[in-house]
$ cat work28.txt   # compact mmCIF, C-alpha atoms and all ligand atoms
# COMPACT_ATOMS: atom_id res chain seq x y z
CA MET A 1 152.17 103.36 118.24
CA LYS A 2 154.43 100.52 117.14
CA THR A 3 153.41 97.13 118.53
CA GLN A 4 156.30 94.82 119.36
CA LEU A 5 155.71 91.06 119.27
CA ILE A 6 158.30 89.05 121.19
CA LYS A 7 158.44 85.23 121.30
CA ILE A 8 159.26 84.10 124.80
CA ASN A 9 161.46 81.05 125.49
CA SER A 10 163.53 79.67 128.34
CA SER A 11 166.63 81.66 127.38
CA ASN A 12 165.04 85.12 126.95
CA LYS A 13 162.23 84.72 129.48
CA ASN A 14 163.71 86.85 132.24
CA LYS A 15 164.54 89.72 129.93
CA VAL A 16 161.20 89.70 128.09
CA LEU A 17 159.17 89.58 131.30
CA SER A 18 161.26 92.43 132.76
CA ILE A 19 160.51 94.60 129.71
CA ALA A 20 156.80 93.76 130.07
CA ALA A 21 156.80 94.39 133.83
CA ASP A 22 158.47 97.78 133.30
CA LEU A 23 155.67 98.76 130.90
CA ILE A 24 153.04 97.69 133.47
CA LYS A 25 154.86 99.59 136.23
CA LYS A 26 154.86 102.80 134.23
CA GLY A 27 151.12 102.56 133.59
CA ASP A 28 151.07 100.96 130.16
CA VAL A 29 149.30 97.84 128.85
CA VAL A 30 150.82 94.52 127.73
CA ALA A 31 149.27 91.46 126.03
CA PHE A 32 150.41 88.17 127.57
CA PRO A 33 149.54 84.47 127.39
CA THR A 34 147.57 82.65 130.09
CA GLU A 35 146.36 79.03 130.14
CA THR A 36 142.85 80.16 129.08
CA VAL A 37 143.26 82.91 126.42
CA TYR A 38 145.64 85.86 125.87
CA GLY A 39 145.03 88.73 128.29
CA LEU A 40 145.52 92.48 127.92
CA GLY A 41 146.95 93.56 131.26
CA ALA A 42 147.49 96.77 133.22
CA ASN A 43 148.19 97.67 136.87
CA ALA A 44 144.81 97.03 138.54
CA LEU A 45 145.42 99.76 141.12
CA ASP A 46 146.20 102.47 138.54
CA GLU A 47 142.97 103.90 137.14
CA ASN A 48 144.61 105.60 134.15
CA ALA A 49 146.39 102.40 133.16
CA VAL A 50 143.15 100.40 133.40
CA LYS A 51 141.35 102.91 131.18
CA LYS A 52 143.88 102.17 128.41
CA ILE A 53 142.58 98.57 128.31
CA PHE A 54 139.03 99.75 127.58
CA VAL A 55 140.26 102.12 124.87
CA ALA A 56 142.48 99.54 123.10
CA LYS A 57 139.73 96.89 123.06
CA GLY A 58 136.80 99.23 122.43
CA ARG A 59 135.23 97.62 125.49
CA PRO A 60 132.05 99.12 127.02
CA ASN A 61 132.82 100.76 130.40
CA ASP A 62 130.23 98.73 132.29
CA ASN A 63 131.82 95.39 131.39
CA PRO A 64 134.08 94.62 134.39
CA LEU A 65 137.60 93.20 134.25
CA ILE A 66 139.17 90.22 136.00
CA VAL A 67 142.04 91.03 138.39
CA HIS A 68 144.94 88.56 138.21
CA ILE A 69 147.19 87.82 141.17
CA SER A 70 150.28 85.63 141.60
CA ASN A 71 150.27 85.19 145.36
CA ILE A 72 147.45 84.43 147.77
CA ASN A 73 148.66 87.22 150.08
CA GLN A 74 147.54 89.75 147.45
CA LEU A 75 143.92 88.64 147.84
CA ASN A 76 143.15 90.08 151.28
CA GLU A 77 143.76 93.68 150.30
CA LEU A 78 141.57 93.39 147.20
CA VAL A 79 138.40 91.98 148.80
CA GLU A 80 136.37 92.87 151.89
CA PHE A 81 136.57 89.28 153.08
CA VAL A 82 137.16 85.80 151.67
CA PRO A 83 134.00 83.66 152.04
CA LYS A 84 134.42 80.08 153.29
CA LYS A 85 133.24 78.64 149.95
CA ALA A 86 135.85 80.75 148.14
CA GLU A 87 138.57 79.42 150.46
CA ILE A 88 137.61 75.87 149.56
CA LEU A 89 137.68 76.57 145.81
CA ILE A 90 140.95 78.52 146.02
CA LYS A 91 142.65 75.66 147.82
CA LYS A 92 141.63 73.23 145.12
CA TYR A 93 141.80 75.27 141.89
CA TRP A 94 144.29 78.15 142.24
CA PRO A 95 146.47 78.68 140.36
CA GLY A 96 144.10 77.73 137.51
CA PRO A 97 141.23 78.72 135.22
CA LEU A 98 138.73 79.70 137.94
CA THR A 99 137.69 83.32 138.60
CA ILE A 100 135.89 84.12 141.86
CA VAL A 101 133.66 87.19 142.35
CA MET A 102 133.77 88.60 145.90
CA LYS A 103 132.92 91.90 147.65
CA LYS A 104 135.58 94.41 146.60
CA SER A 105 137.79 96.41 148.96
CA PHE A 106 138.21 100.21 148.67
CA LYS A 107 141.51 99.63 146.84
CA ILE A 108 139.84 98.39 143.65
CA PRO A 109 139.01 101.30 141.33
CA MET A 110 135.38 101.49 140.17
CA CYS A 111 136.44 101.43 136.51
CA ILE A 112 137.54 97.80 136.98
CA THR A 113 134.19 96.63 138.31
CA GLY A 114 131.97 98.67 136.00
CA GLY A 115 130.46 100.33 139.06
CA LEU A 116 129.68 97.08 140.93
CA ASN A 117 130.70 96.58 144.58
CA THR A 118 132.15 93.19 143.70
CA VAL A 119 135.41 92.21 142.02
CA ALA A 120 136.40 89.17 139.95
CA ILE A 121 139.79 87.64 140.90
CA ARG A 122 141.87 84.81 139.48
CA MET A 123 145.34 83.34 139.90
CA PRO A 124 146.43 81.98 136.50
CA SER A 125 148.53 78.81 136.28
CA ASP A 126 150.50 79.81 133.17
CA ASN A 127 154.07 80.28 134.31
CA ASN A 128 154.79 83.36 132.18
CA ALA A 129 151.60 85.04 133.42
CA LEU A 130 152.48 84.30 137.07
CA GLU A 131 156.04 85.58 136.60
CA LEU A 132 154.81 88.74 134.90
CA ILE A 133 152.46 89.53 137.80
CA LYS A 134 155.27 88.88 140.29
CA LYS A 135 157.76 91.07 138.45
CA SER A 136 155.21 93.88 138.02
CA GLY A 137 154.70 93.98 141.78
CA CYS A 138 150.96 94.64 141.48
CA PRO A 139 147.72 92.82 140.69
CA ILE A 140 147.05 92.92 136.94
CA ALA A 141 143.61 93.67 135.53
CA ALA A 142 143.25 91.75 132.28
CA PRO A 143 140.32 90.94 130.03
CA SER A 144 140.89 88.88 126.89
CA ALA A 145 143.26 90.65 124.48
CA ASN A 146 140.87 90.84 121.50
CA SER A 147 138.87 93.73 120.06
CA SER A 148 135.47 93.76 121.75
CA THR A 149 133.01 91.30 120.07
CA LYS A 150 135.77 89.38 118.24
CA PRO A 151 136.59 85.81 119.32
CA SER A 152 139.07 85.71 122.24
CA PRO A 153 142.70 85.32 121.14
CA THR A 154 144.34 81.95 121.74
CA MET A 155 147.51 82.77 119.78
CA ALA A 156 149.71 85.88 119.73
CA LYS A 157 148.94 86.49 116.04
CA HIS A 158 145.23 86.87 116.94
CA VAL A 159 146.17 89.70 119.32
CA MET A 160 148.31 91.26 116.59
CA ASN A 161 145.38 91.13 114.13
CA ASP A 162 143.08 92.95 116.56
CA LEU A 163 145.35 95.35 118.45
CA ASN A 164 148.30 96.15 116.16
CA GLY A 165 149.19 99.84 116.62
CA LYS A 166 147.07 100.15 119.77
CA ILE A 167 149.35 98.54 122.40
CA PRO A 168 153.14 98.56 122.87
CA LEU A 169 153.88 94.86 123.46
CA ILE A 170 152.57 91.34 122.84
CA ILE A 171 154.35 88.42 124.50
CA ASP A 172 154.10 85.33 122.29
CA GLY A 173 153.95 82.23 124.48
CA GLY A 174 152.43 79.91 121.86
CA LYS A 175 148.92 78.47 121.77
CA CYS A 176 146.80 78.62 124.95
CA LYS A 177 146.19 75.21 126.55
CA VAL A 178 142.52 75.58 127.54
CA GLY A 179 141.37 77.89 124.74
CA LEU A 180 138.17 79.18 126.41
CA GLU A 181 137.98 81.92 129.05
CA SER A 182 137.99 81.07 132.78
CA THR A 183 135.01 79.82 134.73
CA VAL A 184 133.50 82.78 136.64
CA ILE A 185 131.74 81.92 139.91
CA GLY A 186 129.96 84.54 142.03
CA LEU A 187 130.36 84.15 145.81
CA SER A 188 129.68 87.69 147.01
CA ASN A 189 126.36 86.50 148.33
CA ASP A 190 125.18 83.32 150.16
CA LYS A 191 124.40 81.67 146.86
CA ALA A 192 127.02 80.44 144.41
CA ILE A 193 126.25 81.63 140.87
CA LEU A 194 127.97 80.38 137.75
CA PHE A 195 128.36 83.61 135.77
CA ARG A 196 130.41 81.98 133.03
CA PRO A 197 131.06 78.26 132.46
CA GLY A 198 134.65 77.20 131.79
CA LYS A 199 137.21 74.44 132.22
CA ILE A 200 136.46 74.08 135.94
CA THR A 201 132.95 72.69 135.64
CA LYS A 202 129.69 73.41 137.47
CA GLU A 203 129.61 69.76 138.56
CA GLU A 204 133.14 69.87 140.05
CA ILE A 205 132.39 73.10 141.91
CA GLY A 206 129.06 71.74 143.14
CA ARG A 207 130.72 68.66 144.60
CA LEU A 208 132.96 70.90 146.72
CA ILE A 209 130.66 73.73 147.87
CA GLY A 210 127.09 72.51 147.26
CA LYS A 211 124.42 73.99 145.01
CA VAL A 212 125.56 76.20 142.14
CA ASP A 213 122.89 78.30 140.39
CA LEU A 214 122.92 79.62 136.85
CA PRO A 215 122.36 83.41 136.57
CA CYS A 216 118.95 82.90 134.95
CA GLU A 217 117.78 80.94 138.00
CA GLN A 218 118.32 84.07 140.09
CA SER A 219 116.03 87.04 139.73
CA LYS A 220 117.10 89.61 142.33
CA ILE A 221 120.85 89.27 142.06
CA PRO A 222 122.43 91.33 139.27
CA SER A 223 123.93 89.10 136.66
CA SER A 224 127.44 89.33 135.22
CA PRO A 225 127.48 92.40 132.96
CA GLY A 226 129.71 90.73 130.36
CA MET A 227 126.95 88.21 129.65
CA LYS A 228 124.75 90.74 127.85
CA TYR A 229 127.31 91.61 125.18
CA LYS A 230 127.61 89.82 121.87
CA HIS A 231 130.74 87.74 121.91
CA TYR A 232 132.91 85.49 119.88
CA SER A 233 131.45 86.57 116.58
CA PRO A 234 133.33 86.06 113.34
CA LYS A 235 132.11 87.74 110.14
CA ALA A 236 130.48 84.61 108.72
CA LYS A 237 127.00 83.64 109.94
CA ILE A 238 127.07 80.60 112.23
CA THR A 239 124.39 77.95 112.34
CA LEU A 240 124.67 75.73 115.41
CA VAL A 241 123.14 72.27 115.41
CA GLU A 242 122.48 71.29 119.02
CA ALA A 243 123.44 67.80 120.11
CA LYS A 244 120.28 65.71 120.13
CA ILE A 245 120.74 64.93 123.80
CA ASN A 246 120.30 68.67 124.67
CA THR A 247 117.09 69.23 122.74
CA ASN A 248 115.30 65.87 122.48
CA LYS A 249 114.43 66.97 118.94
CA LYS A 250 114.28 64.39 116.20
CA GLY A 251 115.34 65.01 112.61
CA THR A 252 118.22 67.36 113.45
CA ASP A 253 120.94 64.99 112.39
CA PHE A 254 124.08 67.07 111.71
CA LEU A 255 124.73 65.57 108.28
CA ASN A 256 121.14 66.26 107.18
CA VAL A 257 121.35 69.87 108.31
CA VAL A 258 124.63 70.36 106.45
CA LYS A 259 123.08 68.89 103.30
CA LYS A 260 120.05 71.18 103.55
CA PHE A 261 122.04 74.34 104.29
CA SER A 262 124.62 73.80 101.61
CA LEU A 263 122.13 73.21 98.78
CA ASN A 264 122.26 76.70 97.25
CA GLU A 265 125.79 77.58 98.26
CA SER A 266 129.12 76.62 96.79
CA ASN A 267 130.64 74.14 99.25
CA ASP A 268 134.00 75.92 99.27
CA LEU A 269 132.31 78.97 100.88
CA ILE A 270 131.01 76.90 103.79
CA GLY A 271 132.94 76.13 106.97
CA ILE A 272 132.15 73.01 108.96
CA ILE A 273 133.04 72.14 112.54
CA SER A 274 132.20 68.50 113.09
CA PHE A 275 132.40 66.57 116.34
CA THR A 276 131.12 63.01 115.93
CA LYS A 277 131.73 62.24 112.25
CA ARG A 278 133.71 63.90 109.46
CA VAL A 279 131.44 65.42 106.78
CA GLY A 280 134.09 65.66 104.08
CA PHE A 281 134.03 69.37 103.18
CA GLU A 282 137.13 71.28 102.09
CA ASN A 283 136.86 73.82 104.95
CA GLU A 284 136.28 71.43 107.82
CA PHE A 285 137.71 70.97 111.29
CA PHE A 286 136.82 67.63 112.88
CA PHE A 287 137.32 67.09 116.62
CA ASN A 288 136.56 63.38 116.88
CA LYS A 289 134.48 63.53 120.11
CA SER A 290 137.16 65.43 122.06
CA VAL A 291 135.60 68.39 123.90
CA ASN A 292 139.06 69.49 125.09
CA LEU A 293 140.42 69.67 121.56
CA TYR A 294 137.24 71.42 120.31
CA ALA A 295 137.49 74.04 123.09
CA LYS A 296 141.20 74.57 122.58
CA ASN A 297 140.74 75.25 118.86
CA LEU A 298 137.30 76.88 118.62
CA PHE A 299 138.41 80.53 118.54
CA PHE A 300 141.32 79.71 116.23
CA VAL A 301 138.91 77.99 113.81
CA LEU A 302 136.42 80.89 113.83
CA ARG A 303 139.22 83.33 113.01
CA GLU A 304 140.63 80.96 110.38
CA PHE A 305 137.24 80.72 108.62
CA ASP A 306 137.03 84.54 108.54
CA LYS A 307 140.49 84.69 107.01
CA ARG A 308 139.37 82.30 104.28
CA GLY A 309 136.43 84.61 103.53
CA LEU A 310 133.75 81.96 104.17
CA LYS A 311 130.10 83.04 104.14
CA LYS A 312 128.49 80.37 106.29
CA ILE A 313 129.67 78.21 109.16
CA ILE A 314 127.77 75.12 110.30
CA VAL A 315 128.83 73.66 113.65
CA GLU A 316 127.97 70.48 115.48
CA GLY A 317 127.08 71.02 119.15
CA VAL A 318 128.07 68.80 122.07
CA ASN A 319 126.41 67.57 125.23
CA ASP A 320 125.91 70.33 127.84
CA ASN A 321 127.68 68.33 130.56
CA GLY A 322 131.05 69.14 132.14
CA PHE A 323 133.38 71.26 130.00
CA GLY A 324 130.81 70.87 127.18
CA LEU A 325 128.65 73.50 128.91
CA ALA A 326 131.40 76.13 128.42
CA LEU A 327 131.88 75.17 124.78
CA MET A 328 128.12 75.34 124.12
CA ASN A 329 127.89 78.70 125.94
CA ARG A 330 130.44 80.22 123.52
CA LEU A 331 128.91 78.51 120.48
CA ARG A 332 125.39 79.68 121.31
CA LYS A 333 126.59 83.25 121.78
CA ALA A 334 128.45 83.20 118.48
CA SER A 335 125.58 81.71 116.46
CA SER A 336 122.95 83.57 114.51
CA LYS A 337 120.81 80.45 114.11
CA ILE A 338 120.37 77.51 116.47
CA ILE A 339 118.70 74.29 115.32
P1 LIG B 401 136.88 88.79 129.97
O1 LIG B 401 137.99 88.85 130.94
O2 LIG B 401 136.95 89.76 128.85
O3 LIG B 401 136.70 87.43 129.46
O4 LIG B 401 135.58 89.20 130.78
C1 LIG B 401 135.46 89.09 132.17
C2 LIG B 401 134.18 88.41 132.54
O5 LIG B 401 134.08 88.40 133.98
C3 LIG B 401 132.96 89.13 132.01
O6 LIG B 401 132.01 88.19 131.55
C4 LIG B 401 132.46 89.87 133.21
O7 LIG B 401 131.09 90.12 133.17
C5 LIG B 401 132.84 88.94 134.37
N1 LIG B 401 133.00 89.74 135.60
C6 LIG B 401 134.03 90.52 135.92
N2 LIG B 401 133.81 91.14 137.10
C7 LIG B 401 132.60 90.74 137.53
C8 LIG B 401 131.80 91.02 138.68
N3 LIG B 401 132.21 91.87 139.62
N4 LIG B 401 130.60 90.42 138.77
C9 LIG B 401 130.18 89.57 137.83
N5 LIG B 401 130.88 89.25 136.72
C10 LIG B 401 132.07 89.81 136.56
MG MG B 402 136.62 88.86 126.73
$ encode --input "work28.txt" --output "structure tokens" --more "lines below"
Ligand code: AMP
Ligand code: MG
Amino acid sequence: MKTQLIKINSSNKNKVLSIAADLIKKGDVVAFPTETVYGLGANALDENAVKKIFVAKGRPNDNPLIVHISNINQLNELVEFVPKKAEILIKKYWPGPLTIVMKKSFKIPMCITGGLNTVAIRMPSDNNALELIKKSGCPIAAPSANSSTKPSPTMAKHVMNDLNGKIPLIIDGGKCKVGLESTVIGLSNDKAILFRPGKITKEEIGRLIGKVDLPCEQSKIPSSPGMKYKHYSPKAKITLVEAKINTNKKGTDFLNVVKKFSLNESNDLIGIISFTKRVGFENEFFFNKSVNLYAKNLFFVLREFDKRGLKKIIVEGVNDNGFGLALMNRLRKASSKII
């Protein structure tokens, strides 16, 4: 299959989104930008179309997909009911990078939920994504548009690298603003569970709806299936140095760790992601204490280091608070060693 990559701009927008919507309508898949990462979308109510997503990504069948909507009226037919806490969050954060898990209605095919009786739903704020959903006339199931286990794509060229020849169309809308996947909050039960941290933080959600648990604090409730899979992994081995504030450990100064780990290795084969102070290596990205910038560029940097053929990556962690929790969640999952 030939994969078309089309740059979208204000003058061709209508035409490009119509081409994409036609593909969705006829049961095909399309990669499109959202504010979080690029998504690989198909008609959520068409089982055969949804199966194409799993095939293209090589995604395990029990890892459920997020259903994207463009209008709040679409929600009622997709869930059994909308819990009060969900209503509060929707009012504040939709459209935006917050996914809410609720009890599914009979309309949602089982292949979307990986056999669960709940469904994850989000209304993205990216204008092209919203328009595409509107034009397609259906809710769009869309996981991130990467090959399974690769870092999520934050630029159209990342999608091309992973899925060239496997999907008909990639819409290039530039670099994603947030850069990490949406926050996923479970509300299908009395308790609110943070299945995946993201841009909308645990603290913000807690202020609006009360206590938010982490999945590990719950024993009886099944956790989010996606959490068990290895994610975000580039080819190079990543060593993560936790921020001191998270571990209370002494002697784990980032510069010292870099010195120790680079002793027997040529420095030009080592990638560094620094946060508080520049180390001075050739392959280094420095984010100068900006969690937003770090998050926005993390997946790009991991892919860039792979492209450069680096053997080792050493990254400086951040405080687990706020959006930092999401960044650390992705970094910990991507790392083979944590110090
Ligand atoms: P992706 O869109 O590829 O970033 O993955 C979707 C994420 O949402 C995965 O981590 C899933 O486990 C999670 N998810 C989707 N549906 C559900 C659900 N019904 N219950 C819990 N987590 C879900
Ligand atoms: Mg994903």
$ closest_residue --input "work28.txt" --among "A:Lys259, A:Lys7, A:Lys150, A:Lys333" --to "ligand MG 402 (chain B)" --atoms "only C-alpha atoms and all ligand atoms"
A:Lys150
$ closest_residue --input "work28.txt" --among "A:Ile6, A:Ala21, A:Ile112, A:Ala192" --to "ligand LIG 401 (chain B)" --atoms "all atoms listed in the file"
A:Ile112
$ residues_near_point --input "work28.txt" --point "(123.7, 82.4, 115.3)" --cutoff "10 Å" --atoms "only C-alpha atoms" --output "list in words"
Ser233, Ala236, Lys237, Ile238, Thr239, Leu240, Ile313, Ile314, Leu331, Arg332, Lys333, Ala334, Ser335, Ser336, Lys337, Ile338 and Ile339 of chain A
$ axis_aligned_box --input "work28.txt" --around "region 254-261 of chain A" --padding-each-side "5 Å" --output "JSON"
{"center_x": 122.4, "center_y": 70.0, "center_z": 107.5, "size_x": 14.7, "size_y": 18.8, "size_z": 18.4}
$ atom_distance --input "work28.txt" --atom1 "CA of Ser11 (chain A)" --atom2 "CA of Pro33 (chain A)"
17.3 Å
